[in-house]
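> Just input-v5.csv, nothing more (CSV, C-alpha atoms and all ligand atoms):
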```csv
chain,number,residue,atom,x,y,z
C,1,MET,CA,5.7,2.7,10.8
C,2,ILE,CA,3.0,2.3,8.2
C,3,GLU,CA,0.0,4.5,8.2
C,4,ILE,CA,-3.2,3.9,6.2
C,5,HIS,CA,-5.9,6.5,5.9
C,6,ASN,CA,-9.5,6.0,4.8
C,7,ILE,CA,-8.9,3.2,2.3
C,8,HIS,CA,-11.8,2.4,0.0
C,9,LYS,CA,-12.0,-0.4,-2.6
C,10,THR,CA,-14.9,-1.6,-4.6
C,11,PHE,CA,-15.0,-4.4,-7.2
C,12,GLY,CA,-17.9,-4.0,-9.6
C,13,ASP,CA,-20.8,-3.3,-7.2
C,14,LYS,CA,-19.2,-5.0,-4.2
C,15,LYS,CA,-17.7,-2.7,-1.7
C,16,VAL,CA,-14.8,-4.6,-0.2
C,17,LEU,CA,-13.0,-1.9,1.9
C,18,ASP,CA,-15.0,0.9,3.4
C,19,GLY,CA,-12.8,3.6,4.9
C,20,VAL,CA,-10.1,1.6,6.7
C,21,SER,CA,-7.5,3.6,8.7
C,22,GLY,CA,-4.8,2.6,11.1
C,23,VAL,CA,-1.2,2.8,12.2
C,24,PHE,CA,1.1,-0.2,12.1
C,25,GLU,CA,4.0,0.2,14.4
C,26,THR,CA,7.7,-0.5,13.8
C,27,GLY,CA,9.2,-3.5,15.6
C,28,LYS,CA,5.7,-5.0,16.2
C,29,THR,CA,3.7,-7.8,14.8
C,30,ASN,CA,0.5,-6.2,13.5
C,31,LEU,CA,-2.3,-8.6,12.7
C,32,LEU,CA,-5.2,-8.1,10.3
C,33,LEU,CA,-7.8,-10.4,11.7
C,34,GLY,CA,-11.2,-11.2,10.3
C,35,ALA,CA,-13.4,-13.9,8.8
C,36,SER,CA,-13.1,-15.1,5.2
C,37,GLY,CA,-14.1,-12.5,2.7
C,38,THR,CA,-13.9,-9.4,4.9
C,39,GLY,CA,-11.2,-7.8,2.8
C,40,LYS,CA,-7.9,-8.6,4.7
C,41,SER,CA,-6.0,-9.7,1.6
C,42,VAL,CA,-7.3,-6.8,-0.5
C,43,LEU,CA,-6.2,-4.4,2.2
C,44,LEU,CA,-2.8,-6.0,2.3
C,45,LYS,CA,-2.5,-5.7,-1.5
C,46,CYS,CA,-3.6,-2.0,-1.3
C,47,ILE,CA,-0.9,-1.4,1.3
C,48,VAL,CA,1.9,-2.9,-0.8
C,49,GLY,CA,0.6,-1.4,-4.0
C,50,LEU,CA,-0.6,-4.6,-5.8
C,51,ILE,CA,-4.1,-3.1,-5.9
C,52,LYS,CA,-4.8,0.6,-6.2
C,53,PRO,CA,-7.4,1.8,-3.7
C,54,ASP,CA,-10.2,3.9,-5.0
C,55,LEU,CA,-9.7,6.4,-2.2
C,56,GLY,CA,-7.3,6.8,0.7
C,57,SER,CA,-3.6,6.9,1.3
C,58,VAL,CA,-0.7,4.7,2.5
C,59,THR,CA,2.4,6.2,4.1
C,60,PHE,CA,5.7,4.4,4.8
C,61,ASP,CA,7.7,6.0,7.6
C,62,GLY,CA,6.4,9.4,6.6
C,63,THR,CA,6.8,8.9,2.8
C,64,TYR,CA,3.6,9.0,0.9
C,65,PHE,CA,3.2,5.9,-1.3
C,66,THR,CA,-0.2,5.9,-3.0
C,67,ASN,CA,-0.1,7.9,-6.2
C,68,ASN,CA,3.5,9.0,-5.6
C,69,LYS,CA,6.1,9.1,-8.3
C,70,LEU,CA,7.2,5.8,-9.7
C,71,ASP,CA,10.8,6.0,-8.5
C,72,ILE,CA,9.7,6.7,-4.9
C,73,ARG,CA,7.2,3.9,-5.0
C,74,GLN,CA,9.9,1.6,-6.3
C,75,GLU,CA,12.3,2.7,-3.6
C,76,ILE,CA,9.7,1.8,-1.0
C,77,ARG,CA,8.9,-1.5,-2.7
C,78,ARG,CA,12.5,-2.5,-2.4
C,79,LYS,CA,12.2,-2.4,1.3
C,80,ILE,CA,9.1,-4.7,1.4
C,81,GLY,CA,9.4,-8.4,2.0
C,82,MET,CA,6.5,-10.7,1.3
C,83,LEU,CA,5.7,-14.1,2.6
C,84,PHE,CA,2.9,-15.4,0.4
C,85,GLN,CA,0.2,-17.8,1.3
C,86,GLY,CA,1.5,-21.3,0.4
C,87,SER,CA,5.0,-19.9,0.3
C,88,ALA,CA,5.1,-19.5,-3.5
C,89,LEU,CA,8.6,-20.8,-3.9
C,90,PHE,CA,10.0,-21.3,-7.4
C,91,ASP,CA,9.7,-25.1,-7.8
C,92,SER,CA,12.5,-25.3,-10.4
C,93,MET,CA,15.0,-23.5,-8.1
C,94,THR,CA,16.9,-24.9,-5.1
C,95,VAL,CA,16.3,-23.4,-1.7
C,96,GLU,CA,19.4,-21.2,-2.0
C,97,GLN,CA,18.4,-20.0,-5.5
C,98,ASN,CA,15.0,-19.1,-4.1
C,99,VAL,CA,16.5,-16.9,-1.4
C,100,GLU,CA,19.1,-15.4,-3.7
C,101,PHE,CA,16.4,-14.5,-6.3
C,102,PRO,CA,15.3,-11.1,-4.8
C,103,LEU,CA,19.0,-10.2,-4.2
C,104,LYS,CA,19.7,-10.6,-7.9
C,105,MET,CA,16.5,-8.7,-8.8
C,106,LEU,CA,16.6,-5.9,-6.3
C,107,THR,CA,20.3,-5.3,-5.3
C,108,ASP,CA,23.6,-4.8,-6.9
C,109,MET,CA,25.3,-7.2,-4.5
C,110,SER,CA,28.3,-9.2,-5.8
C,111,ARG,CA,28.0,-13.0,-6.1
C,112,GLU,CA,30.1,-13.4,-3.0
C,113,GLU,CA,27.9,-10.9,-1.0
C,114,ARG,CA,24.8,-12.7,-2.2
C,115,ARG,CA,26.2,-16.0,-1.1
C,116,GLU,CA,27.0,-14.7,2.4
C,117,ARG,CA,23.6,-13.1,2.7
C,118,VAL,CA,21.8,-16.4,1.6
C,119,ASP,CA,23.9,-18.3,4.2
C,120,PHE,CA,23.0,-15.8,6.9
C,121,CYS,CA,19.3,-15.8,6.2
C,122,LEU,CA,19.0,-19.6,5.9
C,123,GLN,CA,20.9,-20.0,9.1
C,124,ARG,CA,18.7,-17.4,10.8
C,125,VAL,CA,15.5,-19.3,9.9
C,126,GLY,CA,17.1,-22.6,11.0
C,127,LEU,CA,17.7,-24.1,7.6
C,128,GLU,CA,21.5,-24.4,7.5
C,129,GLY,CA,22.4,-27.3,5.3
C,130,ALA,CA,19.2,-27.1,3.2
C,131,HIS,CA,20.8,-25.0,0.4
C,132,LYS,CA,20.7,-27.6,-2.4
C,133,LYS,CA,17.3,-29.1,-1.6
C,134,MET,CA,14.4,-28.6,-4.1
C,135,PRO,CA,11.1,-27.3,-2.7
C,136,SER,CA,9.5,-30.6,-3.5
C,137,GLU,CA,11.9,-32.3,-1.1
C,138,ILE,CA,11.1,-30.2,2.0
C,139,SER,CA,8.1,-30.0,4.4
C,140,GLY,CA,5.5,-27.3,4.5
C,141,GLY,CA,7.1,-25.7,7.6
C,142,MET,CA,10.5,-25.7,5.9
C,143,LYS,CA,8.9,-24.0,2.8
C,144,LYS,CA,7.6,-21.3,5.1
C,145,ARG,CA,11.0,-20.8,6.5
C,146,VAL,CA,12.5,-20.5,3.0
C,147,GLY,CA,9.7,-18.0,2.3
C,148,ILE,CA,10.7,-16.0,5.4
C,149,ALA,CA,14.4,-16.1,4.5
C,150,ARG,CA,13.6,-14.9,0.9
C,151,ALA,CA,11.4,-12.1,2.3
C,152,ILE,CA,14.1,-10.8,4.7
C,153,ALA,CA,17.1,-11.4,2.4
C,154,PRO,CA,17.1,-7.9,0.8
C,155,HIS,CA,17.2,-6.3,4.3
C,156,CYS,CA,13.5,-5.6,4.4
C,157,THR,CA,12.1,-2.8,6.5
C,158,TYR,CA,8.5,-3.9,6.1
C,159,LEU,CA,7.3,-7.5,6.2
C,160,PHE,CA,3.9,-8.7,4.9
C,161,CYS,CA,2.7,-12.2,5.6
C,162,ASP,CA,-0.5,-13.6,4.1
C,163,GLU,CA,-1.7,-16.3,6.4
C,164,PRO,CA,1.7,-17.7,7.2
C,165,ASN,CA,0.1,-20.6,9.1
C,166,SER,CA,-2.1,-22.0,6.4
C,167,GLY,CA,-1.6,-25.7,5.9
C,168,LEU,CA,0.7,-26.2,9.0
C,169,ASP,CA,0.1,-28.4,12.0
C,170,PRO,CA,-0.4,-26.4,15.3
C,171,GLN,CA,3.2,-26.9,16.6
C,172,THR,CA,4.9,-26.0,13.3
C,173,ALA,CA,2.5,-23.0,13.0
C,174,LEU,CA,3.6,-21.8,16.4
C,175,LYS,CA,7.2,-22.1,15.5
C,176,ILE,CA,6.7,-20.0,12.3
C,177,ASP,CA,4.7,-17.4,14.3
C,178,GLU,CA,7.5,-17.2,16.8
C,179,LEU,CA,10.1,-16.9,14.1
C,180,ILE,CA,8.3,-14.0,12.5
C,181,LYS,CA,7.9,-12.3,15.8
C,182,GLU,CA,11.6,-12.8,16.7
C,183,ILE,CA,12.8,-11.4,13.3
C,184,THR,CA,10.4,-8.5,13.6
C,185,GLU,CA,11.8,-7.5,17.0
C,186,GLU,CA,15.5,-8.3,16.2
C,187,TYR,CA,15.6,-6.2,13.0
C,188,ASN,CA,13.0,-3.6,14.0
C,189,ILE,CA,10.7,-4.5,11.1
C,190,THR,CA,7.2,-3.2,10.6
C,191,THR,CA,5.3,-6.5,10.2
C,192,ILE,CA,1.7,-7.0,9.0
C,193,ILE,CA,0.2,-10.4,9.1
C,194,VAL,CA,-3.1,-11.4,7.6
C,195,THR,CA,-4.7,-14.2,9.7
C,196,HIS,CA,-7.9,-15.7,11.0
C,197,ASP,CA,-5.9,-17.9,13.4
C,198,MET,CA,-6.7,-17.1,17.1
C,199,ASN,CA,-3.6,-19.0,18.2
C,200,SER,CA,-1.5,-16.4,16.3
C,201,VAL,CA,-3.4,-13.6,18.0
C,202,ILE,CA,-2.7,-14.9,21.4
C,203,GLU,CA,0.9,-15.9,20.8
C,204,ILE,CA,2.3,-13.0,18.7
C,205,GLY,CA,-0.4,-10.3,18.2
C,206,ASP,CA,1.3,-7.1,19.5
C,207,LYS,CA,-1.5,-5.1,17.8
C,208,ILE,CA,-4.7,-6.6,16.3
C,209,PHE,CA,-6.9,-4.9,13.7
C,210,PHE,CA,-10.3,-6.6,13.4
C,211,LEU,CA,-11.9,-6.2,10.0
C,212,TYR,CA,-15.6,-6.9,9.6
C,213,GLU,CA,-17.4,-6.4,6.3
C,214,GLY,CA,-14.7,-4.1,5.0
C,215,LYS,CA,-14.5,-1.9,8.1
C,216,LYS,CA,-12.1,-1.8,10.9
C,217,LEU,CA,-14.3,-2.6,13.8
C,218,TRP,CA,-11.8,-2.9,16.6
C,219,GLU,CA,-8.1,-2.5,17.3
C,220,GLY,CA,-6.1,-3.4,20.4
C,221,THR,CA,-3.6,-5.7,22.0
C,222,ARG,CA,-3.8,-9.5,22.5
C,223,ASP,CA,-4.4,-8.8,26.2
C,224,GLU,CA,-7.4,-6.6,25.5
C,225,ILE,CA,-9.0,-8.8,22.8
C,226,MET,CA,-10.5,-11.3,25.3
C,227,ASP,CA,-12.4,-8.6,27.2
C,228,THR,CA,-13.9,-6.7,24.3
C,229,ASP,CA,-17.7,-6.2,24.2
C,230,ILE,CA,-17.9,-5.9,20.4
C,231,ARG,CA,-20.4,-8.5,19.5
C,232,GLU,CA,-19.0,-9.3,16.0
C,233,LEU,CA,-15.5,-9.7,17.4
C,234,ASN,CA,-16.7,-12.0,20.3
C,235,ASP,CA,-18.7,-14.1,17.8
C,236,PHE,CA,-15.5,-14.4,15.8
C,237,ILE,CA,-13.2,-15.2,18.7
C,238,PHE,CA,-15.5,-17.6,20.5
C,239,ALA,CA,-16.8,-19.5,17.5
C,240,ASN,CA,-13.9,-21.8,18.4
C,241,ARG,CA,-14.7,-24.1,21.3
C,242,LEU,CA,-11.2,-24.0,22.6
C,243,MET,CA,-11.4,-20.2,22.9
C,244,ARG,CA,-14.7,-20.5,24.7
C,245,ASP,CA,-13.1,-22.9,27.2
C,246,ALA,CA,-10.1,-20.6,27.6
C,247,LYS,CA,-12.4,-17.7,28.3
C,248,LYS,CA,-14.3,-19.7,30.9
C,249,VAL,CA,-11.1,-20.8,32.6
C,250,GLU,CA,-10.0,-17.2,32.6
C,251,GLU,CA,-13.2,-16.0,34.2
C,252,GLU,CA,-13.1,-18.7,36.8
C,253,GLU,CA,-9.6,-17.9,37.7
C,254,ARG,CA,-10.5,-14.2,38.0
C,255,GLU,CA,-13.4,-15.0,40.2
C,256,GLU,CA,-11.2,-17.3,42.4
C,257,GLU,CA,-8.6,-14.5,42.7
C,258,GLU,CA,-11.3,-12.0,43.6
C,259,GLU,CA,-12.7,-14.3,46.2
C,260,ARG,CA,-9.2,-15.0,47.6
C,261,GLN,CA,-8.4,-11.3,47.8
C,262,HIS,CA,-11.8,-10.7,49.5
C,263,HIS,CA,-11.0,-13.3,52.2
C,264,HIS,CA,-7.5,-12.0,52.8
C,265,GLU,CA,-8.6,-8.4,53.0
C,266,PRO,CA,-8.8,-8.0,56.8
C,267,ALA,CA,-5.3,-9.6,57.2
C,268,ALA,CA,-3.8,-7.4,54.6
C,269,GLN,CA,-5.3,-4.4,56.2
C,270,SER,CA,-4.1,-5.3,59.7
C,271,ASN,CA,-0.5,-5.3,58.3
C,272,GLU,CA,-0.9,-1.8,57.0
C,273,LYS,CA,-2.5,-0.2,60.0
C,274,ALA,CA,-3.0,-1.1,63.6
C,275,PRO,CA,-6.2,-3.0,64.3
C,276,SER,CA,-9.0,-1.1,65.9
C,277,GLU,CA,-10.0,-1.8,69.5
C,278,GLU,CA,-13.2,-3.3,68.2
C,279,THR,CA,-11.3,-5.8,66.0
C,280,ILE,CA,-9.1,-6.9,68.8
C,281,GLU,CA,-12.0,-7.3,71.1
C,282,THR,CA,-13.9,-9.4,68.5
C,283,GLN,CA,-10.9,-11.6,67.8
C,284,ALA,CA,-10.3,-12.0,71.6
C,285,LYS,CA,-13.8,-13.2,72.0
C,286,SER,CA,-13.5,-15.7,69.1
C,287,GLN,CA,-10.4,-17.3,70.6
C,288,PRO,CA,-11.1,-17.8,74.3
C,289,GLU,CA,-9.2,-21.1,74.4
C,290,ASN,CA,-5.9,-19.8,73.1
C,291,PRO,CA,-3.6,-19.9,76.1
C,292,GLU,CA,-1.5,-17.1,74.7
C,293,GLY,CA,-4.5,-15.0,74.1
C,294,PRO,CA,-5.4,-13.0,70.9
C,295,SER,CA,-2.4,-10.8,71.3
C,296,ALA,CA,-0.1,-13.6,70.1
C,297,THR,CA,-1.5,-13.2,66.6
C,298,THR,CA,-3.3,-9.9,66.3
C,299,GLN,CA,-1.0,-7.7,68.3
C,300,SER,CA,2.3,-9.4,67.8
C,301,GLY,CA,3.8,-6.2,66.4
C,302,ASN,CA,2.8,-4.2,69.5
C,303,ASN,CA,3.8,-6.9,71.9
C,304,LYS,CA,7.4,-7.0,70.6
C,305,LEU,CA,7.8,-3.4,71.6
C,401,LIG,N1,-9.5,-8.8,-7.9
C,401,LIG,C1,-10.7,-9.0,-7.4
C,401,LIG,N2,-11.8,-8.8,-8.2
C,401,LIG,C2,-13.0,-8.9,-7.7
C,401,LIG,N3,-13.3,-9.2,-6.4
C,401,LIG,C3,-12.3,-9.4,-5.6
C,401,LIG,C4,-10.9,-9.3,-6.0
C,401,LIG,N4,-10.1,-9.6,-5.0
C,401,LIG,C5,-10.9,-9.8,-3.9
C,401,LIG,N5,-12.2,-9.8,-4.3
C,401,LIG,C6,-13.3,-10.0,-3.4
C,401,LIG,O1,-13.2,-9.2,-2.2
C,401,LIG,C7,-13.7,-9.8,-1.1
C,401,LIG,C8,-12.6,-9.8,0.0
C,401,LIG,O2,-11.6,-10.7,-0.4
C,401,LIG,P1,-10.3,-11.0,0.4
C,401,LIG,O3,-9.4,-11.9,-0.3
C,401,LIG,O4,-9.6,-9.7,0.8
C,401,LIG,O5,-10.9,-11.6,1.7
C,401,LIG,P2,-10.1,-12.1,3.0
C,401,LIG,O6,-10.6,-11.4,4.2
C,401,LIG,O7,-8.6,-12.1,2.8
C,401,LIG,O8,-10.6,-13.6,3.0
C,401,LIG,P3,-9.8,-15.0,3.3
C,401,LIG,O9,-9.5,-15.0,4.7
C,401,LIG,O10,-10.7,-16.1,2.9
C,401,LIG,O11,-8.5,-15.0,2.4
C,401,LIG,C9,-14.1,-11.2,-1.5
C,401,LIG,O12,-15.5,-11.2,-1.7
C,401,LIG,C10,-13.4,-11.4,-2.9
C,401,LIG,O13,-14.2,-12.2,-3.7
```
Mind turning this structure into structure tokens?

Amino acid sequence: MIEIHNIHKTFGDKKVLDGVSGVFETGKTNLLLGASGTGKSVLLKCIVGLIKPDLGSVTFDGTYFTNNKLDIRQEIRRKIGMLFQGSALFDSMTVEQNVEFPLKMLTDMSREERRERVDFCLQRVGLEGAHKKMPSEISGGMKKRVGIARAIAPHCTYLFCDEPNSGLDPQTALKIDELIKEITEEYNITTIIVTHDMNSVIEIGDKIFFLYEGKKLWEGTRDEIMDTDIRELNDFIFANRLMRDAKKVEEEEREEEEERQHHHEPAAQSNEKAPSEETIETQAKSQPENPEGPSATTQSGNNKL
């Protein structure tokens, strides 16, 4: 679990983060959502220690990170995996060398152990057989997979992804989203993803933190986000025509369901309790032509006795 408390950051005279707090749970995909320039990436960098906040604190599983001793900060950093925007692979290294790189830098694994771990991670992200390929020879989606393999290779406890979907077609984006979610749950990782992609919100957002002008304006689950009455969040969500249509369909379905339930209400009630004499009388009057009489339908339970 990662906890942030009252994070502030100003660049020059521009206040970018204005007292952001929150709890990012373990085994969950936590999304930092917001429009361009609202401070998502700056917040992510504050959490991982790439930017020092002016004020506030970050705690990793109870261990204070901000302003703590260097060796403690380094110990926490070793548990952090990063998937950078654009994958940021080393172009001069093969796929396997890219994945092996953090193992060389951060662990004292033997060559054989590293090889086994690289094999495992590449297999886990669906890239078995791509070991010797160069980044220039693989697609954008494959590069993201290599980036994920590299991030998780040193057995990361925390995974940070900066817009993992950028530059991908919708289908590949969905696969990458699903892979991140699967890995998060499988290895019980605390994952934080920066995104402005509503598809990701709907598919994998266990918890969503909506940032607006440097403040956290809302947090909740993907089921709750469609029903929020925060204007700024609604403006953000429904700026997309597809989302507006989805909302409309959802509302129509809800209305239909309510109407259906409304019409079935008397029947449902008659199953739970015996119909009143008044009901029976009314139904009898409404079905005079039925040769078996109203009792065949409305009093079947009683008649069987
Ligand atoms: N090192 C820096 N120095 C000065 N200003 C910065 C620095 N880093 C970020 N900013 C400013 O902080 C603001 C927030 O930037 P940030 O990258 O966090 O936005 P974002 O929400 O991640 O946007 P996007 O979705 O477009 O990546 C921007 O106005 C940006 O110019």
> Got a sec to check which residues lie within 7 Å of ligand LIG 401 (chain C), using only C-alpha atoms and all ligand atoms, and send them as a list in words?
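After applying the 7 Å limit, what remains is Phe11, Val16, Gly34, Ala35, Ser36, Gly37, Thr38, Gly39, Lys40, Ser41, Val42, Leu43, Thr195 and His196 of chain C.
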> Do a neighbour search on Leu122 in chain C at 9 Å with only C-alpha atoms, toss out local chain neighbours closer than 5 positions, and write the hits as number ranges by chain.
C: 95-96, 99, 117, 127-131, 145-146, 149-150
> Which of these, C:Val194, C:Ile7, C:Leu168, C:Leu233, has the shortest distance to Lys52 in chain C once you count all atoms listed in the file?
C:Ile7
> Taking into account all atoms listed in the file, which residue in the set C:Val249, C:Glu213, C:Ile4, C:Asn30 is nearest to Glu232 in chain C?
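Checking each candidate against Glu232 in chain C, we get C:Glu213 as the closest.
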> List the neighbours of Glu75 in chain C out to 12 Å using only C-alpha atoms; skip same-chain residues closer than 6 positions along the sequence, and give me the result as a PyMOL selection string.
chain C and resi 60+63-65+68-69+106-107+156-157
> What does the distance from CA of Leu31 in chain C to CA of Ile208 in chain C come to in Å, to one decimal?
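CA of Ile208 in chain C lies 4.8 Å from CA of Leu31 in chain C.
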> Find the residue from C:Gly49, C:Glu100, C:Lys175, C:Lys28 that sits nearest to Arg77 in chain C; use only C-alpha atoms when measuring.
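Distance minimum relative to Arg77 in chain C lands on C:Gly49.
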> To one decimal place, how far is CA of Gly147 in chain C from CA of Arg78 in chain C in Å?
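According to the coordinates, CA of Gly147 in chain C and CA of Arg78 in chain C are separated by 16.4 Å.
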> What's the 12 Å shell around range 136-139 of chain C, counting only C-alpha atoms, without same-chain residues fewer than 3 positions away, as JSON, numbers by chain?
{"C": [86, 87, 88, 89, 90, 91, 92, 93, 94, 95, 127, 130, 131, 132, 133, 142, 143, 144, 145, 146, 167, 168, 169, 172]}
> Would you mind reading off the distance between CA of Glu250 in chain C and CA of Met226 in chain C, one decimal, in Å?
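We find that CA of Glu250 in chain C and CA of Met226 in chain C lie 9.4 Å from each other.
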> Check the smallest atom-to-atom distance from each of C:Thr221, C:Arg254, C:Lys216, C:Phe84 to Phe160 in chain C using all atoms listed in the file, then report the winner.
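Closest residue, counting all atoms listed in the file: C:Phe84.
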> Please, which residues are within 10 Å of (4.1, -12.4, 17.3) by the file's coordinates, counting all atoms listed in the file, and could they come as a PDB file with C-alpha atoms, in the frame of the given file?

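Result file is selection-v3.pdb:
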```
ATOM      1  CA  LYS C  28       5.700  -5.000  16.200  1.00  0.00           C
ATOM      2  CA  THR C  29       3.700  -7.800  14.800  1.00  0.00           C
ATOM      3  CA  ASN C  30       0.500  -6.200  13.500  1.00  0.00           C
ATOM      4  CA  LEU C  31      -2.300  -8.600  12.700  1.00  0.00           C
ATOM      5  CA  LEU C 174       3.600 -21.800  16.400  1.00  0.00           C
ATOM      6  CA  ILE C 176       6.700 -20.000  12.300  1.00  0.00           C
ATOM      7  CA  ASP C 177       4.700 -17.400  14.300  1.00  0.00           C
ATOM      8  CA  GLU C 178       7.500 -17.200  16.800  1.00  0.00           C
ATOM      9  CA  LEU C 179      10.100 -16.900  14.100  1.00  0.00           C
ATOM     10  CA  ILE C 180       8.300 -14.000  12.500  1.00  0.00           C
ATOM     11  CA  LYS C 181       7.900 -12.300  15.800  1.00  0.00           C
ATOM     12  CA  GLU C 182      11.600 -12.800  16.700  1.00  0.00           C
ATOM     13  CA  ILE C 183      12.800 -11.400  13.300  1.00  0.00           C
ATOM     14  CA  THR C 184      10.400  -8.500  13.600  1.00  0.00           C
ATOM     15  CA  GLU C 185      11.800  -7.500  17.000  1.00  0.00           C
ATOM     16  CA  THR C 191       5.300  -6.500  10.200  1.00  0.00           C
ATOM     17  CA  ILE C 193       0.200 -10.400   9.100  1.00  0.00           C
ATOM     18  CA  SER C 200      -1.500 -16.400  16.300  1.00  0.00           C
ATOM     19  CA  VAL C 201      -3.400 -13.600  18.000  1.00  0.00           C
ATOM     20  CA  ILE C 202      -2.700 -14.900  21.400  1.00  0.00           C
ATOM     21  CA  GLU C 203       0.900 -15.900  20.800  1.00  0.00           C
ATOM     22  CA  ILE C 204       2.300 -13.000  18.700  1.00  0.00           C
ATOM     23  CA  GLY C 205      -0.400 -10.300  18.200  1.00  0.00           C
ATOM     24  CA  ASP C 206       1.300  -7.100  19.500  1.00  0.00           C
ATOM     25  CA  LYS C 207      -1.500  -5.100  17.800  1.00  0.00           C
ATOM     26  CA  ARG C 222      -3.800  -9.500  22.500  1.00  0.00           C
TER      27      ARG C 222
END
```
> Considering all atoms listed in the file, can you say which of C:Gln74, C:Thr10, C:Ser166, C:Asn98 comes closest to Met134 in chain C?
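For Met134 in chain C, the nearest of the given residues is C:Asn98.
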